[in-house]
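S.K.: The following block contains the structure, expressed as structure tokens.
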Amino acid sequence: MTIVALDLSLLEKTREAVNSDREYRKLGTTDARVGIKAGEAAFLVDFEAFECAAVAAIELDALRDADFYLELTPDAWKAYLAGRRAGTAPSLISLDVDTPNGIVKGTDPLKTLKFERYHLTLQSFLDTGARLAA
């Protein structure tokens, strides 16, 4: 089965899925504006309280408004989602540590620390997307 690319449609489906999942709510509240960069494409995922409030395609320079963003090439995102679906890809935190210069980026070091606080919610969100991407 082929994994589709990370795009707005997949992020919207993922938002709908996690918002209707009671288990997702058990991860606790998340208050973060998370950017996702895939080559020349950029997205903003807003997490508020126990839900994913919104997803949107944005211009690359608007990533500065995110608390932090996750950056991989489009092919790397596709491979990461496929690996998560197969159970072979590392967690986001491990991927960040093992990637030269990391995958977590941001303009404000204090806001960038939100990644460590909310990484389990983000991992669950992306894992849900990986399942939906097939």
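Residue numbering restarts at 1 in every chain; chains get A, B, ... in the order shown in the structure tokens, and ligands count up from 1 in that same order.
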Just list as a PyMOL selection string whatever in chain A DSSP marks as helix (DSSP H, G or I).
M.R.: chain A and resi 8-19+22-25+60-65+74-86+92-98+109-112+114-132
S.K.: Quick one: residues within 12 Å of Ser9 in chain A, only C-alpha atoms counted, chain neighbours fewer than 2 positions away excluded, as a list of chain:residue names?
M.R.: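 In the requested form, the answer reads A:Val4, A:Ala5, A:Leu6, A:Asp7, A:Leu11, A:Glu12, A:Lys13, A:Thr14, A:Arg15, A:Glu16, A:Phe43, A:Val55, A:Ala56, A:Ala57, A:Gly129, A:Leu132, A:Ala133.
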S.K.: Pick the closest to Arg33 in chain A from A:Gly87, A:Ala17, A:Ile93, A:Lys114: which is it, counting only C-alpha atoms?
M.R.: A:Lys114
S.K.: Would you mind telling me which residue in A:Ala86, A:Ala130, A:Leu72, A:Val18 lies nearest to Gly102 in chain A when using only C-alpha atoms?
M.R.: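 Checking each candidate against Gly102 in chain A, we get A:Leu72 as the closest.
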S.K.: Could you pull out the strand (DSSP E) residues of chain A, going by DSSP on the backbone, and write them as a VMD selection string?
M.R.: chain A and resid 32 to 38 41 to 48 51 to 58 68 to 72 104 to 105
S.K.: Write out as a tab-separated table (two decimals) with C-alpha atoms, in the first residue's frame the residues lying within 9 Å of Thr29 in chain A, counting only C-alpha atoms and excluding same-chain residues fewer than 6 positions away.
M.R.:
```tsv
chain	number	residue	atom	x	y	z
A	47	PHE	CA	-3.83	22.71	19.09
A	48	GLU	CA	-6.13	24.16	21.74
A	49	ALA	CA	-7.01	22.37	24.96
A	50	PHE	CA	-8.02	18.79	24.10
A	51	GLU	CA	-8.39	19.17	20.35
A	118	TYR	CA	3.70	18.28	23.77
A	121	THR	CA	0.29	14.67	21.37
```
S.K.: Determine, counting only C-alpha atoms, which protein, DNA and RNA residues have an atom within 8 Å of an atom of Val34 in chain A; residues of the same chain fewer than 6 positions away are not included. Present the result as number ranges by chain.
M.R.: A: 44-47, 66-70
S.K.: With only C-alpha atoms as the counted atoms, please give the residues lying no more than 7 Å from Glu71 in chain A, apart from itself and same-chain residues fewer than 4 positions off, as a VMD selection string.
M.R.: chain A and resid 36 to 38 103 to 104
S.K.: Please identify all polymer residues within 12 Å of Glu116 in chain A, counting only C-alpha atoms, omitting same-chain residues fewer than 3 positions from it, and present them as a list in words.
M.R.: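 My reading of the contact set: Thr30, Ala32, Asp67, Phe68, Leu92, Ile93, Ser94, Asp96, Val97, Val104, Pro109, Leu110, Lys111, Thr112, Leu113, His119, Leu120, Thr121, Leu122 and Gln123 of chain A.
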S.K.: Do you have the CA of Arg85 in chain A-CA of Ala134 in chain A distance handy?
M.R.: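 Answer for the CA of Arg85 in chain A to CA of Ala134 in chain A separation: 8.4 Å.
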S.K.: Have a look at A:Ser124, A:Arg131, A:Ala62, A:Ala41 and name the one nearest to Glu23 in chain A; count only C-alpha atoms.
M.R.: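 Nearest candidate to Glu23 in chain A out of A:Ser124, A:Arg131, A:Ala62, A:Ala41: A:Ser124.
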S.K.: Would you please work out which residue, of A:Pro74, A:Leu95, A:Gly106, A:Gly28, is nearest to Asp61 in chain A when using only C-alpha atoms?
M.R.: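 Of A:Pro74, A:Leu95, A:Gly106, A:Gly28, the one nearest Asp61 in chain A is A:Gly106, counting only C-alpha atoms.
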S.K.: Would you mind telling me which residue in A:Lys26, A:Asp98, A:Leu81, A:Thr107 lies nearest to Leu126 in chain A when using only C-alpha atoms?
M.R.: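 Closest candidate: A:Leu81.
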